[in-house]
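Dropping my_file12.pdb in here (PDB, C-alpha atoms):
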MODEL        1
ATOM      1  CA  MET A   3       2.964  10.378   3.281
ATOM      2  CA  THR A   4      -0.653   9.318   3.725
ATOM      3  CA  VAL A   5      -3.327  11.986   4.150
ATOM      4  CA  LEU A   6      -5.010   9.844   6.820
ATOM      5  CA  ASP A   7      -4.632  11.210  10.358
ATOM      6  CA  ASN A   8      -2.876   9.127  13.003
ATOM      7  CA  ARG A   9      -2.009   6.335  10.582
ATOM      8  CA  PRO A  10       1.781   5.905  10.897
ATOM      9  CA  ASN A  11       1.813   2.120  10.423
ATOM     10  CA  THR A  12       2.319  -0.127   7.414
ATOM     11  CA  ALA A  13       0.624  -3.380   6.440
ATOM     12  CA  LEU A  14       1.334  -6.030   3.861
ATOM     13  CA  LEU A  15      -1.917  -6.654   1.986
ATOM     14  CA  VAL A  16      -2.068 -10.154   0.448
ATOM     15  CA  ILE A  17      -4.881 -10.221  -2.102
ATOM     16  CA  ASP A  18      -6.671 -13.387  -3.242
ATOM     17  CA  VAL A  19      -3.775 -15.861  -3.202
ATOM     18  CA  GLN A  20      -6.281 -18.686  -3.281
ATOM     19  CA  LYS A  21      -6.083 -22.113  -4.900
ATOM     20  CA  GLY A  22      -8.724 -21.370  -7.519
ATOM     21  CA  VAL A  23      -7.457 -17.865  -8.273
ATOM     22  CA  VAL A  24      -3.788 -18.692  -8.882
ATOM     23  CA  ALA A  25      -4.103 -22.291 -10.110
ATOM     24  CA  ASP A  26      -3.134 -21.322 -13.648
ATOM     25  CA  ALA A  27      -1.581 -17.930 -12.915
ATOM     26  CA  HIS A  28       1.488 -16.712 -14.747
ATOM     27  CA  ASP A  29       4.730 -17.677 -12.974
ATOM     28  CA  ARG A  30       2.643 -18.902 -10.041
ATOM     29  CA  ASP A  31       5.326 -20.657  -8.005
ATOM     30  CA  ARG A  32       7.812 -17.771  -8.127
ATOM     31  CA  ILE A  33       5.130 -15.211  -7.258
ATOM     32  CA  VAL A  34       3.805 -17.285  -4.349
ATOM     33  CA  ALA A  35       7.383 -17.745  -3.097
ATOM     34  CA  ASN A  36       7.950 -13.978  -3.284
ATOM     35  CA  ILE A  37       4.733 -13.377  -1.350
ATOM     36  CA  GLY A  38       5.826 -15.944   1.214
ATOM     37  CA  ALA A  39       9.141 -14.114   1.622
ATOM     38  CA  LEU A  40       7.285 -10.815   2.090
ATOM     39  CA  VAL A  41       4.989 -12.352   4.701
ATOM     40  CA  GLY A  42       7.974 -13.690   6.629
ATOM     41  CA  ARG A  43       9.808 -10.367   6.514
ATOM     42  CA  ALA A  44       6.691  -8.414   7.525
ATOM     43  CA  ARG A  45       6.164 -10.673  10.521
ATOM     44  CA  SER A  46       9.829 -10.371  11.535
ATOM     45  CA  ALA A  47       9.550  -6.582  11.381
ATOM     46  CA  GLY A  48       6.323  -6.513  13.406
ATOM     47  CA  VAL A  49       4.320  -5.287  10.415
ATOM     48  CA  ASP A  50       0.697  -6.380  10.119
ATOM     49  CA  VAL A  51      -0.161  -8.876   7.389
ATOM     50  CA  VAL A  52      -3.757  -8.504   6.202
ATOM     51  CA  TRP A  53      -5.196 -11.292   4.068
ATOM     52  CA  ILE A  54      -7.938 -10.734   1.493
ATOM     53  CA  GLN A  55     -10.082 -13.642   0.307
ATOM     54  CA  HIS A  56     -12.483 -13.364  -2.625
ATOM     55  CA  HIS A  57     -15.749 -15.177  -3.215
ATOM     56  CA  ASP A  58     -18.331 -14.932  -5.978
ATOM     57  CA  ASP A  59     -20.573 -17.176  -8.078
ATOM     58  CA  GLY A  60     -17.535 -18.832  -9.648
ATOM     59  CA  LEU A  61     -15.557 -19.111  -6.412
ATOM     60  CA  ALA A  62     -17.846 -20.309  -3.634
ATOM     61  CA  ARG A  63     -16.978 -19.744   0.026
ATOM     62  CA  ASP A  64     -15.614 -22.833   1.739
ATOM     63  CA  SER A  65     -14.864 -24.568  -1.577
ATOM     64  CA  GLU A  66     -11.401 -25.998  -2.205
ATOM     65  CA  GLY A  67     -10.663 -23.292  -4.791
ATOM     66  CA  TRP A  68     -11.607 -20.592  -2.261
ATOM     67  CA  GLU A  69      -8.932 -21.724   0.213
ATOM     68  CA  LEU A  70      -5.617 -19.896   0.503
ATOM     69  CA  VAL A  71      -2.751 -21.677  -1.261
ATOM     70  CA  PRO A  72      -1.027 -24.243   0.980
ATOM     71  CA  GLU A  73       2.372 -22.557   0.637
ATOM     72  CA  LEU A  74       1.115 -19.543   2.590
ATOM     73  CA  GLU A  75      -0.151 -19.846   6.118
ATOM     74  CA  ARG A  76      -2.131 -17.066   7.730
ATOM     75  CA  GLY A  77      -1.271 -16.426  11.349
ATOM     76  CA  ASP A  78      -4.101 -16.711  13.860
ATOM     77  CA  ALA A  79      -3.802 -13.034  14.826
ATOM     78  CA  GLU A  80      -3.637 -11.830  11.210
ATOM     79  CA  PRO A  81      -6.870 -10.303   9.902
ATOM     80  CA  LEU A  82      -8.756 -12.037   7.104
ATOM     81  CA  VAL A  83     -11.107  -9.858   5.071
ATOM     82  CA  HIS A  84     -13.703 -11.521   2.855
ATOM     83  CA  LYS A  85     -14.754  -9.682  -0.281
ATOM     84  CA  ALA A  86     -17.097 -10.097  -3.224
ATOM     85  CA  TYR A  87     -15.862  -7.190  -5.383
ATOM     86  CA  GLY A  88     -12.575  -6.317  -7.045
ATOM     87  CA  ASP A  89     -11.794  -3.498  -4.629
ATOM     88  CA  ALA A  90     -11.124  -5.058  -1.222
ATOM     89  CA  PHE A  91     -12.536  -1.923   0.447
ATOM     90  CA  GLU A  92     -15.991  -2.286  -1.140
ATOM     91  CA  ASP A  93     -18.596  -3.654   1.263
ATOM     92  CA  THR A  94     -15.960  -5.119   3.630
ATOM     93  CA  GLU A  95     -14.459  -4.306   7.004
ATOM     94  CA  LEU A  96     -10.997  -3.601   5.514
ATOM     95  CA  GLU A  97     -11.102   0.113   6.351
ATOM     96  CA  GLU A  98     -11.991  -0.644   9.975
ATOM     97  CA  VAL A  99      -9.244  -3.278  10.244
ATOM     98  CA  LEU A 100      -6.661  -0.800   8.959
ATOM     99  CA  ALA A 101      -7.951   2.117  11.054
ATOM    100  CA  ASP A 102      -7.896   0.033  14.247
ATOM    101  CA  ARG A 103      -4.222  -0.716  13.614
ATOM    102  CA  GLY A 104      -3.256   2.841  12.642
ATOM    103  CA  ILE A 105      -2.319   1.744   9.118
ATOM    104  CA  GLY A 106      -1.911   4.395   6.443
ATOM    105  CA  ARG A 107       0.605   2.722   4.159
ATOM    106  CA  LEU A 108      -0.047  -0.474   2.217
ATOM    107  CA  VAL A 109       2.426  -2.778   0.523
ATOM    108  CA  VAL A 110       0.370  -4.807  -1.945
ATOM    109  CA  ALA A 111       0.866  -8.284  -3.419
ATOM    110  CA  GLY A 112      -1.421 -10.965  -4.810
ATOM    111  CA  ALA A 113      -3.763 -11.745  -7.671
ATOM    112  CA  GLN A 114      -5.218 -10.958 -10.191
ATOM    113  CA  SER A 115      -3.031  -8.087 -11.420
ATOM    114  CA  ASP A 116      -5.627  -6.791 -13.859
ATOM    115  CA  GLN A 117      -8.599  -6.983 -11.536
ATOM    116  CA  CYS A 118      -8.489  -7.235  -7.751
ATOM    117  CA  VAL A 119      -4.929  -5.964  -7.350
ATOM    118  CA  ARG A 120      -5.565  -2.895  -9.531
ATOM    119  CA  CYS A 121      -8.998  -2.223  -8.043
ATOM    120  CA  THR A 122      -7.689  -2.417  -4.486
ATOM    121  CA  LEU A 123      -4.657  -0.228  -5.255
ATOM    122  CA  HIS A 124      -6.923   2.454  -6.681
ATOM    123  CA  GLY A 125      -9.419   2.011  -3.853
ATOM    124  CA  ALA A 126      -6.669   2.516  -1.300
ATOM    125  CA  PHE A 127      -5.162   5.496  -3.080
ATOM    126  CA  VAL A 128      -8.422   7.415  -3.471
ATOM    127  CA  ARG A 129      -9.211   6.754   0.205
ATOM    128  CA  GLY A 130      -5.944   8.450   1.210
ATOM    129  CA  TYR A 131      -3.569   5.520   1.688
ATOM    130  CA  ASP A 132      -0.009   5.343   0.445
ATOM    131  CA  ALA A 133       0.008   2.267  -1.789
ATOM    132  CA  THR A 134       3.107   0.465  -3.012
ATOM    133  CA  LEU A 135       2.814  -2.444  -5.427
ATOM    134  CA  VAL A 136       5.422  -5.197  -5.161
ATOM    135  CA  ALA A 137       6.278  -5.574  -8.848
ATOM    136  CA  ASP A 138       7.361  -9.207  -8.703
ATOM    137  CA  ALA A 139       4.739 -10.386  -6.212
ATOM    138  CA  HIS A 140       1.514 -10.156  -8.204
ATOM    139  CA  THR A 141       0.207 -12.263 -11.038
ATOM    140  CA  THR A 142      -2.716 -12.974 -13.307
ATOM    141  CA  SER A 143      -4.138 -15.715 -15.494
ATOM    142  CA  ASP A 144      -4.019 -15.793 -19.281
ATOM    143  CA  LEU A 145      -7.166 -14.088 -20.562
ATOM    144  CA  SER A 146      -5.826 -13.464 -24.064
ATOM    145  CA  ARG A 147      -8.580 -15.640 -25.561
ATOM    146  CA  TYR A 148     -10.937 -12.828 -24.467
ATOM    147  CA  GLY A 149      -8.800 -10.120 -26.036
ATOM    148  CA  ALA A 150      -6.583  -9.287 -23.068
ATOM    149  CA  PRO A 151      -2.824  -8.969 -23.463
ATOM    150  CA  SER A 152      -0.657 -11.887 -22.366
ATOM    151  CA  PRO A 153      -0.153 -12.200 -18.587
ATOM    152  CA  ASP A 154       3.437 -10.951 -18.695
ATOM    153  CA  GLU A 155       2.248  -7.848 -20.583
ATOM    154  CA  VAL A 156      -0.591  -7.261 -18.100
ATOM    155  CA  ILE A 157       1.847  -7.494 -15.190
ATOM    156  CA  ALA A 158       4.391  -5.223 -16.894
ATOM    157  CA  HIS A 159       1.710  -2.646 -17.723
ATOM    158  CA  THR A 160       0.344  -2.698 -14.168
ATOM    159  CA  ASN A 161       3.852  -2.118 -12.832
ATOM    160  CA  LEU A 162       4.501   0.652 -15.361
ATOM    161  CA  TYR A 163       1.423   2.716 -14.670
ATOM    162  CA  TRP A 164       1.471   2.215 -10.877
ATOM    163  CA  GLN A 165       5.104   3.310 -10.786
ATOM    164  CA  TYR A 166       4.011   6.782 -11.868
ATOM    165  CA  GLN A 167       0.832   7.289  -9.796
ATOM    166  CA  VAL A 168       0.760  10.637  -8.032
ATOM    167  CA  ALA A 169      -1.754  12.504  -5.920
ATOM    168  CA  PRO A 170      -1.541  15.256  -3.295
ATOM    169  CA  GLY A 171      -0.233  14.030   0.033
ATOM    170  CA  ARG A 172       0.041  10.368  -0.964
ATOM    171  CA  THR A 173       2.750   8.154  -2.337
ATOM    172  CA  ALA A 174       2.509   5.271  -4.741
ATOM    173  CA  GLY A 175       4.991   3.311  -6.777
ATOM    174  CA  THR A 176       6.477  -0.096  -7.293
ATOM    175  CA  VAL A 177       9.341  -1.966  -5.676
ATOM    176  CA  SER A 178      10.722  -5.462  -6.045
ATOM    177  CA  THR A 179      10.434  -8.063  -3.307
ATOM    178  CA  ALA A 180      14.127  -7.564  -2.546
ATOM    179  CA  GLU A 181      13.640  -3.785  -2.193
ATOM    180  CA  VAL A 182      10.794  -3.946   0.340
ATOM    181  CA  ASP A 183      12.140  -2.771   3.683
ATOM    182  CA  PHE A 184       9.526  -3.227   6.396
ATOM    183  CA  ALA A 185      11.911  -2.061   9.097
ATOM    184  CA  ARG A 186      12.048   1.334   7.400
ATOM    185  CA  ALA A 187       8.325   1.467   6.681
TER     186      ALA A 187
ENDMDL
END

Would you mind giving the structure from this file in structure tokens?
Amino acid sequence: MTVLDNRPNTALLVIDVQKGVVADAHDRDRIVANIGALVGRARSAGVDVVWIQHHDDGLARDSEGWELVPELERGDAEPLVHKAYGDAFEDTELEEVLADRGIGRLVVAGAQSDQCVRCTLHGAFVRGYDATLVADAHTTSDLSRYGAPSPDEVIAHTNLYWQYQVAPGRTAGTVSTAEVDFARA
């Protein structure tokens, strides 16, 4: 259980599922559909959904590529955190958003597996959060031309190493979309 005091609640963290981020992502449609299913189940269970939206020199705020994908609709009451770094906690109000809602456990989905998803998972874990990665609800683009493994290998490796993360007083791990149980969270 989380080492954060008075944080009994769970949130679904949806990272960077933006038009320009997932346009050419591996297995995009299936991953977005899985994220959509998670969002629907979180809402039904009364679990907060927190949206993360990235911007940088290559992804300008208010550009078409910066927008969330049309398949996913953020609810008016659902927080939206803007970030400029891989770790969604860095130089953002994410910690305050989570603290205000008593959230100590994160269920994580989104993009890119090998950058913002990993950075945010680690950022959460070192800050004391329990952090569960949804193994079939994150994706990445093909960066093999730069020496990276293929997207399916990146995703598999991210799932493998996050499955075995351990630290005192915190939990980590991976689950499939079908295994996520927000009612139990």

Selection result of the PyMOL selection byres ((chain A and resi 77) around 12) on this file, as number ranges by chain: A: 41-42, 44-45, 50-53, 74-76, 78-82

I need the residue set behind the PyMOL selection byres ((chain A and resi 119-122) around 8) for this file; please write it as a PDB file with C-alpha atoms, keeping the file's coordinate frame.
ATOM      1  CA  ILE A  17      -4.881 -10.221  -2.102  1.00  0.00           C
ATOM      2  CA  GLY A  88     -12.575  -6.317  -7.045  1.00  0.00           C
ATOM      3  CA  ASP A  89     -11.794  -3.498  -4.629  1.00  0.00           C
ATOM      4  CA  ALA A  90     -11.124  -5.058  -1.222  1.00  0.00           C
ATOM      5  CA  PHE A  91     -12.536  -1.923   0.447  1.00  0.00           C
ATOM      6  CA  VAL A 110       0.370  -4.807  -1.945  1.00  0.00           C
ATOM      7  CA  ALA A 111       0.866  -8.284  -3.419  1.00  0.00           C
ATOM      8  CA  GLY A 112      -1.421 -10.965  -4.810  1.00  0.00           C
ATOM      9  CA  ALA A 113      -3.763 -11.745  -7.671  1.00  0.00           C
ATOM     10  CA  GLN A 114      -5.218 -10.958 -10.191  1.00  0.00           C
ATOM     11  CA  SER A 115      -3.031  -8.087 -11.420  1.00  0.00           C
ATOM     12  CA  ASP A 116      -5.627  -6.791 -13.859  1.00  0.00           C
ATOM     13  CA  GLN A 117      -8.599  -6.983 -11.536  1.00  0.00           C
ATOM     14  CA  CYS A 118      -8.489  -7.235  -7.751  1.00  0.00           C
ATOM     15  CA  LEU A 123      -4.657  -0.228  -5.255  1.00  0.00           C
ATOM     16  CA  HIS A 124      -6.923   2.454  -6.681  1.00  0.00           C
ATOM     17  CA  GLY A 125      -9.419   2.011  -3.853  1.00  0.00           C
ATOM     18  CA  ALA A 126      -6.669   2.516  -1.300  1.00  0.00           C
ATOM     19  CA  HIS A 140       1.514 -10.156  -8.204  1.00  0.00           C
ATOM     20  CA  THR A 160       0.344  -2.698 -14.168  1.00  0.00           C
TER      21      THR A 160
END

Nearest-residue call for Asp132 in chain A, choices A:Ala150, A:Ala185, A:Val168, A:Ala158, using all atoms listed in the file: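 Of A:Ala150, A:Ala185, A:Val168, A:Ala158, the one nearest Asp132 in chain A, counting all atoms listed in the file, is A:Val168.
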
Who sits within 9 Å of Asp144 in chain A, all atoms listed in the file, same chain under 3 positions skipped, as a ChimeraX atom specification: /A:26-28,147,150-154

Got a sec to check which residues sit within 9 Å of (4.7, -1.0, -9.3), counting all atoms listed in the file, and write them as a list in words?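 Protein and nucleic acid residues near the point are Thr134, Leu135, Val136, Ala137, Asp138, Ala158, Thr160, Asn161, Leu162, Tyr163, Trp164, Gln165, Tyr166, Ala174, Gly175, Thr176, Val177 and Ser178 of chain A.
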
Pairwise distance, CA of Val83 in chain A with CA of Val23 in chain A, equals 16.0 Å

Run the PyMOL selection byres ((chain A and resi 3) around 8) mentally over the shown coordinates, then write out the matched residues as a PyMOL selection string, using the chain letters and numbers from the document. chain A and resi 4-5+132+171-173

Best match for closeness to Gly38 in chain A among A:Glu98, A:Val19, A:Glu73, A:Val109, counting all atoms listed in the file: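 Nearest to Gly38 in chain A: A:Glu73.
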
Give me, as a PyMOL selection string, all polymer residues having an atom no more than 9 Å from Ala35 in chain A, counting all atoms listed in the file and skipping those fewer than 4 positions away in the same chain. chain A and resi 30-31+39-40+73-74+139

Could the residues in this selection be saved with C-alpha atoms as a CSV table (one decimal), in the coordinates of the input?
chain,number,residue,atom,x,y,z
A,30,ARG,CA,2.6,-18.9,-10.0
A,31,ASP,CA,5.3,-20.7,-8.0
A,39,ALA,CA,9.1,-14.1,1.6
A,40,LEU,CA,7.3,-10.8,2.1
A,73,GLU,CA,2.4,-22.6,0.6
A,74,LEU,CA,1.1,-19.5,2.6
A,139,ALA,CA,4.7,-10.4,-6.2

So how many Å separate CA of Leu100 in chain A and CA of Glu69 in chain A, to one decimal?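 CA of Leu100 in chain A sits 22.8 Å away from CA of Glu69 in chain A.
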
Non-local contacts of Gly60 in chain A (10 Å; all atoms listed in the file; under 5 positions in same chain excluded) as a list in words: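 Counting only the stated atoms, we get Gly22, Gly67 and Trp68 of chain A.
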
With 8 Å on each side, where is the centre of the axis-aligned box around all listed atoms of range 145-159 of chain A, and how long are its edges in Å to one decimal, as lines of an AutoDock Vina configuration file?
center_x = -3.3
center_y = -9.1
center_z = -20.6
size_x = 31.3
size_y = 29.0
size_z = 26.8

Go ahead and compute the interatomic distance for CA of Ile105 in chain A and CA of Arg9 in chain A, in Å to one decimal. 4.8 Å

Polymer residues at most 9 Å from Asp29 in chain A, only C-alpha atoms, same-chain spacing of 4 or more positions, as a list of chain:residue names: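 My list of contacting residues is A:Ile33, A:Val34, A:Thr141, A:Thr142, A:Asp154.
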
How would the residues just picked look written out with C-alpha atoms as a compact mmCIF listing (two decimals), keeping the file's coordinate frame?
# COMPACT_ATOMS: atom_id res chain seq x y z
CA ILE A 33 5.13 -15.21 -7.26
CA VAL A 34 3.80 -17.28 -4.35
CA THR A 141 0.21 -12.26 -11.04
CA THR A 142 -2.72 -12.97 -13.31
CA ASP A 154 3.44 -10.95 -18.70

Shell of 6 Å around Tyr131 in chain A, only C-alpha atoms, local chain residues under 2 positions omitted, as a ChimeraX atom specification: /A:4,106-107,126-127,129,133

With distances taken over all atoms listed in the file, which residue among A:Val128, A:Arg103, A:Ser146, A:Ile157 lies nearest Asn8 in chain A?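 Residue with the minimum atom-to-atom distance to Asn8 in chain A: A:Arg103.
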
Hey, which of A:Ala25, A:Ala101, A:Ala169, A:Ala47 ends up closest to Leu70 in chain A? Count all atoms listed in the file. A:Ala25

Just checking: using all atoms listed in the file, which residue out of A:Pro170, A:Ala180, A:Gln55, A:Asn11 ends up closest to Lys85 in chain A?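 Result for the nearest residue to Lys85 in chain A: A:Gln55.
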